[in-house]
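Q: To be precise about what I am sending: the file is called work-v1.cif and holds mmCIF, C-alpha atoms.
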data_start
#
loop_
_atom_site.label_atom_id
_atom_site.label_comp_id
_atom_site.auth_asym_id
_atom_site.auth_seq_id
_atom_site.Cartn_x
_atom_site.Cartn_y
_atom_site.Cartn_z
CA MET A 1 35.24 -14.10 6.01
CA MET A 2 31.93 -12.24 5.52
CA TRP A 3 33.26 -10.80 2.29
CA THR A 4 33.88 -14.34 0.96
CA VAL A 5 30.46 -15.55 2.10
CA ASN A 6 28.71 -12.57 0.52
CA THR A 7 30.58 -12.93 -2.75
CA ALA A 8 29.79 -16.65 -2.88
CA THR A 9 26.10 -15.99 -2.15
CA GLY A 10 26.10 -13.24 -4.80
CA VAL A 11 27.50 -15.72 -7.30
CA LEU A 12 24.77 -18.17 -6.28
CA VAL A 13 22.08 -15.55 -6.94
CA LEU A 14 23.64 -14.79 -10.32
CA VAL A 15 23.78 -18.51 -11.18
CA LEU A 16 20.13 -18.87 -10.19
CA LEU A 17 19.24 -15.92 -12.38
CA LEU A 18 21.06 -17.47 -15.33
CA VAL A 19 20.25 -21.17 -14.88
CA ARG A 20 16.56 -20.65 -14.08
CA LYS A 21 16.41 -18.13 -16.92
CA ASN A 22 15.10 -15.51 -14.53
CA TYR A 23 17.38 -12.93 -16.15
CA ARG A 24 14.79 -12.65 -18.92
CA ALA A 25 12.20 -11.37 -16.48
CA TYR A 26 14.70 -9.40 -14.38
CA PRO A 27 17.42 -7.91 -16.61
CA ALA A 28 17.93 -4.85 -14.39
CA PHE A 29 18.12 -7.00 -11.25
CA THR A 30 20.65 -9.28 -12.97
CA PHE A 31 22.66 -6.19 -13.89
CA TYR A 32 22.51 -5.03 -10.27
CA ILE A 33 23.86 -8.36 -8.98
CA LEU A 34 26.61 -8.26 -11.62
CA VAL A 35 27.58 -4.71 -10.65
CA ASN A 36 27.57 -5.73 -7.02
CA LEU A 37 29.92 -8.63 -7.64
CA ALA A 38 32.17 -6.41 -9.75
CA GLN A 39 32.24 -3.86 -6.93
CA ALA A 40 33.23 -6.54 -4.40
CA ILE A 41 36.14 -7.67 -6.58
CA LEU A 42 37.25 -4.11 -7.37
CA LEU A 43 37.12 -3.12 -3.71
CA PHE A 44 39.18 -6.15 -2.77
CA ILE A 45 41.85 -5.06 -5.26
CA ALA A 46 41.63 -1.40 -4.15
CA TYR A 47 41.99 -2.22 -0.44
CA ARG A 48 44.98 -4.45 -1.15
CA ARG A 49 46.61 -1.75 -3.23
CA TRP A 50 45.83 1.43 -1.25
CA GLY A 51 44.96 0.04 2.19
CA PHE A 52 41.62 0.06 3.97
CA SER A 53 41.93 3.50 5.58
CA SER A 54 43.40 5.50 2.69
CA LEU A 55 41.54 8.40 1.10
CA SER A 56 41.87 6.82 -2.34
CA SER A 57 40.15 3.64 -1.14
CA TRP A 58 37.48 5.69 0.58
CA LEU A 59 36.72 7.73 -2.53
CA PHE A 60 36.83 4.67 -4.76
CA ALA A 61 34.51 2.74 -2.43
CA TRP A 62 31.93 5.53 -2.30
CA GLY A 63 32.16 6.16 -6.04
CA THR A 64 31.39 2.54 -6.83
CA GLN A 65 28.71 2.54 -4.15
CA ILE A 66 26.80 5.30 -5.94
CA VAL A 67 26.94 3.23 -9.17
CA VAL A 68 25.62 0.19 -7.27
CA ALA A 69 22.84 2.26 -5.66
CA CYS A 70 21.81 3.52 -9.12
CA ALA A 71 21.74 -0.07 -10.38
CA ARG A 72 19.56 -0.97 -7.39
CA ALA A 73 17.23 1.92 -8.21
CA LEU A 74 16.86 0.48 -11.74
CA ALA A 75 16.13 -2.95 -10.27
CA VAL A 76 13.43 -1.39 -8.07
CA VAL A 77 11.83 0.29 -11.09
CA GLU A 78 11.84 -3.08 -12.84
CA VAL A 79 10.23 -4.91 -9.91
CA GLY A 80 7.70 -2.08 -9.55
CA GLY A 81 6.89 -2.52 -13.22
CA HIS A 82 6.23 -6.21 -12.63
CA PHE A 83 3.81 -5.24 -9.85
CA LEU A 84 1.72 -2.71 -11.71
CA SER A 85 2.56 -2.44 -15.41
CA ARG A 86 -0.28 -4.77 -16.40
CA TYR A 87 -2.63 -2.01 -15.29
CA PRO A 88 -1.58 1.00 -17.39
CA GLY A 89 -3.95 3.44 -15.71
CA ILE A 90 -2.79 2.99 -12.15
CA TRP A 91 0.80 2.33 -13.25
CA ALA A 92 0.93 5.75 -14.92
CA LEU A 93 -0.46 7.32 -11.76
CA ALA A 94 2.00 5.36 -9.60
CA ARG A 95 4.96 6.41 -11.74
CA ARG A 96 4.15 10.09 -11.31
CA LEU A 97 3.58 9.66 -7.59
CA LEU A 98 6.75 7.61 -7.08
CA LEU A 99 8.89 10.06 -9.02
CA GLY A 100 7.54 12.94 -6.98
CA CYS A 101 8.05 11.13 -3.68
CA ALA A 102 11.56 9.96 -4.58
CA GLY A 103 12.48 13.53 -5.51
CA LEU A 104 11.07 14.88 -2.25
CA VAL A 105 12.93 12.29 -0.19
CA LEU A 106 16.17 13.12 -1.99
CA LEU A 107 15.58 16.80 -1.26
CA TYR A 108 14.73 16.09 2.37
CA SER A 109 17.80 13.95 2.68
CA GLY A 110 20.01 16.65 1.20
CA LEU A 111 18.59 19.36 3.43
CA ALA A 112 18.72 17.26 6.58
CA GLY A 113 22.32 16.18 5.99
CA ARG A 114 25.23 18.33 6.99
CA HIS A 115 27.08 20.22 4.29
CA GLN A 116 30.64 18.92 4.47
CA TRP A 117 32.49 17.79 1.40
CA LYS A 118 33.69 14.59 3.07
CA LEU A 119 30.12 13.65 3.86
CA ALA A 120 28.78 14.50 0.42
CA LEU A 121 29.04 10.94 -0.89
CA PRO A 122 27.53 9.25 2.20
CA SER A 123 24.74 11.86 2.13
CA ALA A 124 24.06 11.22 -1.55
CA ASP A 125 24.06 7.48 -0.93
CA ARG A 126 21.71 7.88 2.03
CA GLY A 127 19.34 10.02 0.00
CA LEU A 128 19.30 7.46 -2.80
CA GLU A 129 18.77 4.56 -0.40
CA LEU A 130 15.93 6.36 1.37
CA SER A 131 14.31 7.12 -1.99
CA ILE A 132 14.60 3.47 -3.03
CA ALA A 133 13.06 2.27 0.23
CA THR A 134 10.27 4.85 -0.06
CA VAL A 135 9.49 3.84 -3.62
CA VAL A 136 9.30 0.13 -2.70
CA VAL A 137 7.01 0.81 0.26
CA LEU A 138 4.79 3.04 -1.89
CA ILE A 139 4.56 0.36 -4.57
CA PHE A 140 3.47 -2.16 -1.95
CA LEU A 141 0.92 0.30 -0.56
CA PHE A 142 -0.36 0.99 -4.07
CA ALA A 143 -0.70 -2.72 -4.76
CA ARG A 144 -2.56 -3.22 -1.50
CA TYR A 145 -4.89 -0.29 -2.09
CA TYR A 146 -5.89 -1.58 -5.54
CA ASP A 147 -5.93 -5.26 -4.49
CA VAL A 148 -3.31 -6.13 -7.07
CA ARG A 149 -2.01 -9.67 -6.76
CA ILE A 150 1.78 -9.74 -6.42
CA GLU A 151 3.87 -12.60 -7.71
CA ARG A 152 5.91 -14.35 -4.99
CA THR A 153 9.31 -13.68 -6.59
CA ASP A 154 8.57 -9.99 -7.14
CA ARG A 155 7.44 -9.64 -3.56
CA SER A 156 10.58 -11.26 -2.13
CA LEU A 157 12.91 -9.28 -4.37
CA ALA A 158 11.20 -6.03 -3.42
CA ILE A 159 11.30 -6.82 0.31
CA GLY A 160 15.02 -7.61 0.08
CA LEU A 161 15.72 -4.39 -1.80
CA CYS A 162 13.68 -2.31 0.64
CA LEU A 163 15.13 -3.79 3.84
CA TYR A 164 18.68 -3.45 2.60
CA SER A 165 18.09 0.15 1.52
CA CYS A 166 16.57 0.97 4.94
CA PHE A 167 19.57 -0.57 6.63
CA ARG A 168 22.04 1.34 4.47
CA ALA A 169 20.23 4.63 5.09
CA LEU A 170 20.44 4.07 8.84
CA ASN A 171 24.03 2.96 8.59
CA ASP A 172 24.97 6.05 6.58
CA THR A 173 23.23 8.24 9.15
CA ILE A 174 25.18 6.69 12.01
CA ALA A 175 28.39 6.82 10.00
CA ASP A 176 27.62 10.49 9.39
CA ARG A 177 27.88 11.12 13.13
CA PHE A 178 30.48 8.64 14.27
CA LEU A 179 32.50 8.22 11.11
CA HIS A 180 35.85 7.29 12.54
CA GLY A 181 34.98 4.90 15.36
CA TYR A 182 32.24 3.19 13.44
CA ALA A 183 34.02 2.05 10.29
CA THR A 184 34.72 -1.58 11.25
CA LEU A 185 31.29 -2.20 12.74
CA TRP A 186 29.70 -0.39 9.79
CA SER A 187 31.42 -2.72 7.38
CA LEU A 188 30.39 -5.86 9.27
CA LEU A 189 26.75 -4.83 9.77
CA GLY A 190 26.47 -3.77 6.14
CA MET A 191 27.75 -7.14 4.96
CA LEU A 192 25.39 -9.00 7.32
CA ALA A 193 22.40 -7.02 6.06
CA PHE A 194 23.39 -7.67 2.48
CA PHE A 195 23.85 -11.36 3.24
CA ALA A 196 20.28 -11.49 4.61
CA SER A 197 18.98 -9.86 1.41
CA LEU A 198 21.01 -12.25 -0.76
CA CYS A 199 19.52 -15.23 1.11
CA LEU A 200 16.01 -13.87 0.53
CA TRP A 201 16.73 -13.35 -3.18
CA SER A 202 18.23 -16.83 -3.52
CA TRP A 203 15.11 -18.31 -2.00
CA ALA A 204 12.90 -16.19 -4.28
CA LEU A 205 14.84 -17.11 -7.41
CA TRP A 206 15.13 -20.82 -6.63
CA LYS A 207 12.21 -21.49 -8.96
CA SER A 208 11.84 -20.11 -12.44
CA ARG A 209 9.43 -17.27 -12.82
CA THR A 210 6.86 -19.14 -14.85
CA GLU A 211 4.17 -16.52 -14.89
CA THR A 212 4.34 -14.31 -17.91
CA ALA A 213 2.95 -10.84 -17.60
CA THR A 214 -0.36 -11.36 -19.30
CA GLU A 215 -2.03 -8.22 -20.50
CA GLU A 216 -5.20 -7.45 -18.63
CA ASN A 217 -8.25 -6.91 -20.78
CA LEU A 218 -9.05 -3.33 -20.11
CA LEU A 219 -12.36 -1.57 -19.97
CA PRO A 220 -13.22 1.20 -22.41
CA LEU A 221 -11.99 4.54 -21.13
CA ASP A 222 -15.44 6.08 -20.91
CA VAL A 223 -16.49 3.53 -18.28
CA TYR A 224 -14.04 5.07 -15.84
CA GLN A 225 -14.82 8.60 -16.94
CA SER A 226 -18.55 8.19 -16.51
CA PHE A 227 -18.74 6.13 -13.32
CA THR A 228 -15.89 7.34 -11.16
CA PRO A 229 -17.12 10.92 -10.66
CA GLN A 230 -20.55 9.59 -9.77
CA ILE A 231 -19.18 7.10 -7.30
CA ASN A 232 -17.06 9.80 -5.71
CA LEU A 233 -20.07 12.08 -5.49
CA ARG A 234 -22.00 9.37 -3.67
CA LEU A 235 -19.12 8.69 -1.36
CA ARG A 236 -18.91 12.38 -0.56
CA SER A 237 -22.63 12.47 0.21
CA LEU A 238 -22.24 9.45 2.42
CA ASN A 239 -19.45 11.18 4.28
CA ASP A 240 -21.66 14.25 4.75
CA GLN A 241 -24.36 12.05 6.23
CA LEU A 242 -21.86 10.46 8.56
CA TYR A 243 -20.70 13.90 9.58
CA LYS A 244 -24.28 14.86 10.43
CA ILE A 245 -24.61 11.78 12.60
CA TRP A 246 -21.34 12.52 14.27
CA LYS A 247 -21.99 16.21 14.87
CA PRO A 248 -25.73 16.73 14.30
CA GLU A 249 -25.84 20.14 15.93
CA VAL A 250 -23.27 21.71 13.57
CA PRO A 251 -24.79 23.03 10.32
CA ARG A 252 -22.58 22.11 7.34
CA GLN A 253 -22.15 23.87 4.04
CA MET B 254 21.00 11.99 19.65
CA THR B 255 20.76 14.91 17.30
CA LEU B 256 17.68 16.03 15.44
CA THR B 257 19.08 14.63 12.18
CA LEU B 258 19.46 11.17 13.68
CA ILE B 259 15.94 11.27 15.10
CA LEU B 260 14.54 12.46 11.76
CA PHE B 261 16.19 9.69 9.77
CA PHE B 262 15.43 6.96 12.27
CA GLY B 263 11.83 8.17 12.46
CA PHE B 264 11.52 8.17 8.70
CA VAL B 265 12.91 4.64 8.39
CA ALA B 266 10.63 3.46 11.20
CA ILE B 267 7.62 4.90 9.32
CA LEU B 268 8.80 3.17 6.14
CA LEU B 269 9.12 -0.18 7.90
CA LEU B 270 5.69 0.22 9.51
CA GLY B 271 4.25 1.05 6.09
CA LEU B 272 5.92 -2.01 4.59
CA GLY B 273 4.61 -4.25 7.38
CA TRP B 274 1.09 -2.89 6.96
CA ALA B 275 1.20 -3.29 3.17
CA LEU B 276 2.36 -6.90 3.49
CA TRP B 277 -0.01 -7.81 6.30
CA GLU B 278 -3.21 -9.34 5.07
CA PRO B 279 -5.99 -9.63 7.64
CA ARG B 280 -7.76 -12.98 7.64
CA GLU B 281 -11.17 -11.40 7.14
CA GLN B 282 -9.96 -9.55 4.05
CA ARG B 283 -8.89 -12.81 2.43
CA LYS B 284 -12.47 -14.01 2.68
CA LEU B 285 -14.04 -10.87 1.27
CA GLN B 286 -15.98 -11.31 -1.87
CA ALA B 287 -15.15 -9.23 -4.87
CA ASP B 288 -17.68 -10.85 -7.11
CA PRO B 289 -19.87 -8.16 -8.68
CA ARG B 290 -22.90 -10.18 -7.58
CA SER B 291 -21.94 -9.61 -3.95
CA LEU B 292 -22.81 -5.96 -4.46
CA GLU B 293 -26.38 -6.77 -5.06
CA GLU B 294 -26.48 -9.17 -2.13
CA HIS B 295 -24.99 -6.59 0.23
CA GLY B 296 -27.38 -3.94 -0.96
CA GLN B 297 -30.34 -6.19 -0.44
CA ARG B 298 -29.20 -7.37 2.94
CA HIS B 299 -29.46 -4.13 4.85
CA VAL B 300 -32.44 -2.85 2.87
CA THR B 301 -34.33 -6.03 3.77
CA TYR B 302 -33.93 -5.29 7.46
CA LEU B 303 -34.53 -1.56 7.23
CA PRO B 304 -38.13 -1.63 8.62
CA GLN B 305 -36.99 -3.63 11.65
CA ILE B 306 -34.09 -1.24 12.18
CA ARG B 307 -36.44 1.74 11.96
CA GLN B 308 -38.77 0.07 14.45
CA ALA B 309 -35.91 -0.65 16.81
CA LEU B 310 -34.68 2.90 16.67
CA ALA B 311 -38.05 4.67 16.72
CA LYS B 312 -38.32 7.40 19.35
CA THR B 313 -42.02 6.79 19.93
CA ASP B 314 -41.35 3.18 20.67
CA TYR B 315 -38.81 4.18 23.26
CA GLU B 316 -41.19 6.75 24.81
CA PHE B 317 -43.88 4.12 25.04
CA LEU B 318 -41.47 1.82 26.84
CA SER B 319 -40.33 4.54 29.24
CA LYS B 320 -43.93 4.97 30.45
CA ARG B 321 -44.77 1.31 30.85
CA ALA B 322 -41.61 -0.64 31.58
CA SER B 323 -39.29 -0.70 34.56
CA ARG B 324 -35.88 0.96 34.49
CA GLU B 325 -34.14 -2.36 34.15
CA VAL B 326 -36.18 -3.24 31.12
CA GLN B 327 -35.57 0.21 29.65
CA ARG B 328 -31.84 -0.21 30.18
CA GLY B 329 -31.95 -3.61 28.56
CA VAL B 330 -33.87 -2.27 25.60
CA ARG B 331 -31.47 0.67 25.23
CA HIS B 332 -28.56 -1.75 25.31
CA ALA B 333 -30.17 -4.00 22.72
CA ARG B 334 -30.96 -1.04 20.47
CA ARG B 335 -27.42 0.15 20.70
CA ARG B 336 -26.20 -3.25 19.61
CA VAL B 337 -28.64 -3.22 16.71
CA ALA B 338 -27.46 0.25 15.68
CA LEU B 339 -23.84 -0.88 15.86
CA ALA B 340 -24.55 -3.96 13.79
CA TYR B 341 -26.40 -1.81 11.31
CA LEU B 342 -23.53 0.61 11.09
CA ALA B 343 -21.16 -2.31 10.48
CA ALA B 344 -23.44 -3.52 7.67
CA LEU B 345 -23.37 -0.07 6.12
CA ARG B 346 -19.62 -0.10 6.25
CA GLY B 347 -19.66 -3.48 4.51
CA ASP B 348 -21.75 -1.97 1.74
CA PHE B 349 -19.45 1.02 1.53
CA GLN B 350 -16.42 -1.24 1.22
CA SER B 351 -18.02 -3.40 -1.46
CA LEU B 352 -18.85 -0.35 -3.52
CA LEU B 353 -15.41 1.03 -2.99
CA ARG B 354 -13.86 -2.22 -4.13
CA MET B 355 -15.85 -2.08 -7.32
CA ALA B 356 -14.67 1.47 -7.91
CA LYS B 357 -11.10 0.24 -7.48
CA VAL B 358 -11.64 -2.63 -9.92
CA ILE B 359 -12.94 -0.16 -12.49
CA ALA B 360 -9.89 2.04 -11.90
CA THR B 361 -7.50 -0.91 -12.09
CA LEU B 362 -8.92 -2.10 -15.39
CA SER B 363 -9.05 1.33 -16.98
CA PRO B 364 -6.42 2.37 -19.49
CA GLU B 365 -6.26 5.81 -17.88
CA VAL B 366 -7.14 7.11 -14.47
CA ALA B 367 -7.47 10.66 -13.24
CA ALA B 368 -5.30 11.45 -10.23
CA VAL B 369 -7.92 13.90 -8.99
CA HIS B 370 -10.61 11.23 -8.76
CA GLU B 371 -8.29 8.66 -7.21
CA PHE B 372 -7.02 11.03 -4.52
CA GLU B 373 -10.55 12.23 -3.90
CA ARG B 374 -11.67 8.66 -3.28
CA LEU B 375 -8.69 8.02 -1.04
CA ARG B 376 -9.52 11.13 0.97
CA LEU B 377 -13.18 10.15 1.22
CA THR B 378 -12.25 6.65 2.32
CA ALA B 379 -9.98 7.98 5.06
CA LYS B 380 -12.67 10.42 6.14
CA PHE B 381 -15.31 7.70 6.17
CA ALA B 382 -13.09 5.43 8.25
CA TRP B 383 -12.42 8.20 10.76
CA GLN B 384 -16.07 9.25 11.04
CA TYR B 385 -17.26 5.65 11.21
CA GLU B 386 -14.96 4.95 14.13
CA MET B 387 -16.08 8.13 15.90
CA ILE B 388 -19.76 7.30 15.45
CA ARG B 389 -19.19 3.75 16.55
CA TRP B 390 -17.48 5.03 19.65
CA GLN B 391 -20.31 7.49 20.30
CA LEU B 392 -22.91 4.78 19.85
CA SER B 393 -21.03 2.47 22.17
CA ALA B 394 -20.87 5.21 24.76
CA GLY B 395 -24.53 6.09 24.22
CA PHE B 396 -23.98 9.63 22.92
CA ALA B 397 -25.11 9.36 19.30
CA THR B 398 -28.63 10.10 18.07
CA VAL B 399 -29.32 6.83 16.35
CA PRO B 400 -32.49 7.66 14.35
CA GLN B 401 -30.38 9.61 11.87
CA LEU B 402 -29.00 6.34 10.64
CA ASP B 403 -32.12 6.17 8.47
CA GLY B 404 -30.76 8.81 6.13
CA LEU B 405 -27.47 7.03 5.93
CA SER B 406 -29.17 3.81 4.97
CA ASP B 407 -31.11 5.48 2.17
CA LEU B 408 -27.93 6.94 0.83
CA VAL B 409 -26.04 3.67 0.79
CA SER B 410 -29.03 1.93 -0.77
CA GLY B 411 -29.05 4.57 -3.46
CA LEU B 412 -25.38 4.01 -4.05
CA SER B 413 -25.97 0.27 -4.32
CA VAL B 414 -28.73 0.81 -6.85
CA ARG B 415 -26.49 3.16 -8.82
CA MET B 416 -23.70 0.63 -8.81
CA GLU B 417 -26.12 -2.07 -9.93
CA ALA B 418 -27.06 0.16 -12.83
CA ALA B 419 -23.39 0.68 -13.54
CA MET B 420 -22.78 -3.04 -13.57
CA LYS B 421 -25.78 -3.53 -15.82
CA GLU B 422 -24.38 -1.02 -18.23
CA LEU B 423 -21.10 -2.83 -18.08
CA GLY B 424 -22.96 -6.04 -18.81
CA GLU B 425 -24.34 -4.53 -21.96
CA ARG B 426 -20.84 -4.14 -23.19
CA ALA B 427 -20.75 -7.89 -23.52
CA ALA B 428 -17.14 -8.36 -24.41
CA ALA B 429 -15.82 -5.86 -21.90
CA ALA B 430 -17.99 -7.14 -19.09
CA ALA B 431 -16.96 -10.74 -19.75
CA GLU B 432 -13.35 -9.69 -19.61
CA LEU B 433 -14.00 -7.80 -16.41
CA ALA B 434 -15.37 -10.91 -14.71
CA SER B 435 -12.55 -13.10 -15.96
CA SER B 436 -9.99 -10.49 -14.96
CA ILE B 437 -11.39 -10.31 -11.45
CA ASN B 438 -11.17 -14.08 -11.18
CA ARG B 439 -7.68 -14.14 -12.64
CA ARG B 440 -6.48 -11.56 -10.19
CA GLY B 441 -7.52 -13.86 -7.38
CA LEU B 442 -9.99 -11.38 -5.89
CA ASP B 443 -12.82 -13.83 -5.72
CA VAL B 444 -11.49 -16.11 -3.06
CA ALA B 445 -14.72 -16.83 -1.22
#
As structure tokens - that is how I would like this structure written.

A:
Amino acid sequence: MMWTVNTATGVLVLVLLLVRKNYRAYPAFTFYILVNLAQAILLFIAYRRWGFSSLSSWLFAWGTQIVVACARALAVVEVGGHFLSRYPGIWALARRLLLGCAGLVLLYSGLAGRHQWKLALPSADRGLELSIATVVVLIFLFARYYDVRIERTDRSLAIGLCLYSCFRALNDTIADRFLHGYATLWSLLGMLAFFASLCLWSWALWKSRTETATEENLLPLDVYQSFTPQINLRLRSLNDQLYKIWKPEVPRQ
Amino acid sequence: MTLTLILFFGFVAILLLGLGWALWEPREQRKLQADPRSLEEHGQRHVTYLPQIRQALAKTDYEFLSKRASREVQRGVRHARRRVALAYLAALRGDFQSLLRMAKVIATLSPEVAAVHEFERLRLTAKFAWQYEMIRWQLSAGFATVPQLDGLSDLVSGLSVRMEAAMKELGERAAAAAELASSINRRGLDVA
């Protein structure tokens, strides 16, 4: 039942992407939805052929899941680009930061997970999902810090991607511990979470993305190079003054 | 629950909190001005009242009162002075934030930014926020030595003047400055 509902909602999202011509602005996201639908159909065939509990189905399901997670990672990069790419300076900084953080989370995830071959795929999926969620949250934090205005559709797509990734990471962690008794519930909760994300994306994509990414008129590079160190110096002095007010008796170097 | 479960749940909880905070927009922030002119206005505002603040916080004034006035009056005056100092501190923070916002606008509209400068500013901002809250708490509790706020005021005024000069220099780059203003408006920062 949930499988049918999710597939139908997935088709709706794909139709919205095509009819509203949103696929032009979101090619990677469109690809992700396509891959997702393909996975649903392939899994349906695999389960009918090999059965739900067989090892072949299990391996096939996790194999396709990694492909879907990679497609989602691409979609996140695309949405992140919509957020910040108009500002090449901070976007370059964000890219480096996000790559570093995603790598660290993957490492953390790998180290924290248990080293059993049967759990290798869920662990890899969890690491990827956690990295995706981290990247989305960092992009939002970046946008907030620099007061960057976010387009409504981008915001909704990113929230959907982040929440679903968080849910999958938690689900994988629980499945890691209670793999056998949790399978049915895991499947249902996963589909419910994905349905919620699909609803959010449908709502976001209901209207065409009219705004084109206009290039910001940038300042000459030397403006930043000359003013920023001075501003930082003043801010540091101000902090020193505050420190003196806070702890006047302590001499400071 | 094992340590692994706690670690992952904790991490996801932090992520969700971060997401909520990033999406949450306080009402007062929506009304903040990002117009470059507001810099000048903020700078002038607290400088204009500096003599009165100095008078209110002067030690001699307080000593004079302690000799002539009753304890109740002294307490009232101390309370009033504390409120003045707190309001003054809040005004300084407003100036700090305005200047910081301008620094961010410059960074946002620059073709390249240096990670060192950006992280330095982030660190300074966090430090300022922490120290500001501590001083505010100390002032509220009556522990802080308020006359030292003078130095702080001078510093922020200096920073305002420097930023004015910066904006003037930007203005001289006519095309770039015009684009800066229009970009700020386009980005919906000037919502006042």

Q: In terms of the shortest atom-to-atom distance over all atoms listed in the file, which of B:Thr257, B:Thr378, B:Ser319, B:Ser363 is closest to Arg234 of chain A?

A: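 Ranking B:Thr257, B:Thr378, B:Ser319, B:Ser363 by distance to Arg234 of chain A, first place goes to B:Thr378.
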
Q: To one decimal in Å, tell me the separation between atom CA of Ala343 of chain B and atom CA of His370 of chain B.

A: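 Calculated distance between atom CA of Ala343 of chain B and atom CA of His370 of chain B is 25.8 Å.
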
Q: Counting only C-alpha atoms, figure out which residue out of A:Asp154, A:Leu130, A:Leu235, A:Trp206 gets nearest to Leu269 of chain B.

A: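 Using only C-alpha atoms, Leu269 of chain B sits closest to A:Leu130.
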
Q: State, in Å with one decimal place, the distance from atom CA of Phe31 of chain A to atom CA of Leu74 of chain A.

A: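 It comes out at 9.1 Å.
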
Q: Which residues, written as a list in words, have at least one atom at most 12 Å from Lys207 of chain A, with all atoms listed in the file counted and residues fewer than 4 positions away on the same chain left out?

A: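 Here the answer would be Val13, Leu16, Leu17, Leu18, Val19, Arg20, Lys21, Asn22, Arg152, Thr153, Trp201, Ser202, Trp203 and Glu211 of chain A.
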
Q: Between A:Phe60, A:Tyr23, A:Tyr47, A:Phe52, single out the one closest to Ala75 of chain A, counting all atoms listed in the file.

A: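 Selected residue with least distance to Ala75 of chain A: A:Tyr23.
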
Q: Evaluate the PyMOL selection byres ((chain A and resi 170) around 10) and record the selected residues as a list in words, following the chain and residue labels used in the document.

A: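 Residues picked by the PyMOL selection byres ((chain A and resi 170) around 10): Arg126, Glu129, Leu130, Tyr164, Ser165, Cys166, Phe167, Arg168, Ala169, Asn171, Asp172, Thr173, Ile174, Ala175 and Asp176 of chain A; Leu258, Phe261, Phe262, Phe264 and Val265 of chain B.
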
Q: Of the candidates A:Val76, A:Leu55, A:Val11, A:Ala94, which shows the shortest atom-to-atom distance to chain B, using all atoms listed in the file?

A: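 Smallest distance to chain B is found for A:Ala94.
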
Q: Expanded to explicit residues, what is the PyMOL selection byres ((chain A and resi 46) around 12) for this file, as a list in words?

A: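 Checking the PyMOL selection byres ((chain A and resi 46) around 12) against this file, the residues are Gln39, Ala40, Ile41, Leu42, Leu43, Phe44, Ile45, Tyr47, Arg48, Arg49, Trp50, Gly51, Phe52, Ser53, Ser54, Leu55, Ser56, Ser57, Trp58, Leu59, Phe60, Ala61 and Thr64 of chain A.
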
Q: Starting from the PyMOL selection byres ((chain A and resi 98-105) around 8), expand the selection into actual residues of this file and give them as JSON, numbers by chain.

A: {"A": [94, 95, 96, 97, 106, 107, 108, 109, 127, 130, 131, 132, 134, 135, 138, 139]}

Q: Can you work out which one of A:Ser197, A:Thr30, A:Ser156, A:Ser208 has the shortest atom-to-atom distance to chain B, counting all atoms listed in the file?

A: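 Of the candidates, the smallest distance to chain B is held by A:Ser156.
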
Q: Rounded to one decimal in Å, what is the spacing between atom CA of Thr9 of chain A and atom CA of Leu198 of chain A?

A: 6.5 Å

Q: With all atoms listed in the file as the basis for distance, which of B:Ala368, B:Gln327, B:Leu318, B:Arg334 is at the shortest distance from Gln225 of chain A?

A: B:Ala368

Q: Could you name the residues that touch Gly273 of chain B at 10 Å or less, counting all atoms listed in the file, but leaving out those on the same chain fewer than 4 positions away, as a list in words?

A: Val137, Phe140 and Leu141 of chain A; Ile267, Leu268, Leu269, Trp277 and Glu278 of chain B

Q: For Arg155 of chain A, find every residue with an atom within 9 Å (counting all atoms listed in the file), except residues of its own chain fewer than 2 positions away, and show them as a list in words.

A: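 Listed by chain and then number, they are Val79, Phe83, Phe140, Ile150, Glu151, Arg152, Thr153, Leu157, Ala158, Ile159, Gly160 and Ala204 of chain A.
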
Q: Those residues with C-alpha atoms, as a compact mmCIF listing (two decimals), keeping the file's coordinate frame please?

A:
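Generated output (part.txt):
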# COMPACT_ATOMS: atom_id res chain seq x y z
CA VAL A 79 10.23 -4.91 -9.91
CA PHE A 83 3.81 -5.24 -9.85
CA PHE A 140 3.47 -2.16 -1.95
CA ILE A 150 1.78 -9.74 -6.42
CA GLU A 151 3.87 -12.60 -7.71
CA ARG A 152 5.91 -14.35 -4.99
CA THR A 153 9.31 -13.68 -6.59
CA LEU A 157 12.91 -9.28 -4.37
CA ALA A 158 11.20 -6.03 -3.42
CA ILE A 159 11.30 -6.82 0.31
CA GLY A 160 15.02 -7.61 0.08
CA ALA A 204 12.90 -16.19 -4.28

Q: Please write as a CSV table (one decimal) with C-alpha atoms, keeping the file's coordinate frame the list of polymer residues whose atoms come within 8 Å of (-4.1, 4.2, -21.1), counting only C-alpha atoms and keeping to the coordinates of the file.

A:
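As written to disk, result-v4.csv reads:
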chain,number,residue,atom,x,y,z
A,88,PRO,CA,-1.6,1.0,-17.4
A,89,GLY,CA,-4.0,3.4,-15.7
A,221,LEU,CA,-12.0,4.5,-21.1
B,363,SER,CA,-9.0,1.3,-17.0
B,364,PRO,CA,-6.4,2.4,-19.5
B,365,GLU,CA,-6.3,5.8,-17.9
B,366,VAL,CA,-7.1,7.1,-14.5
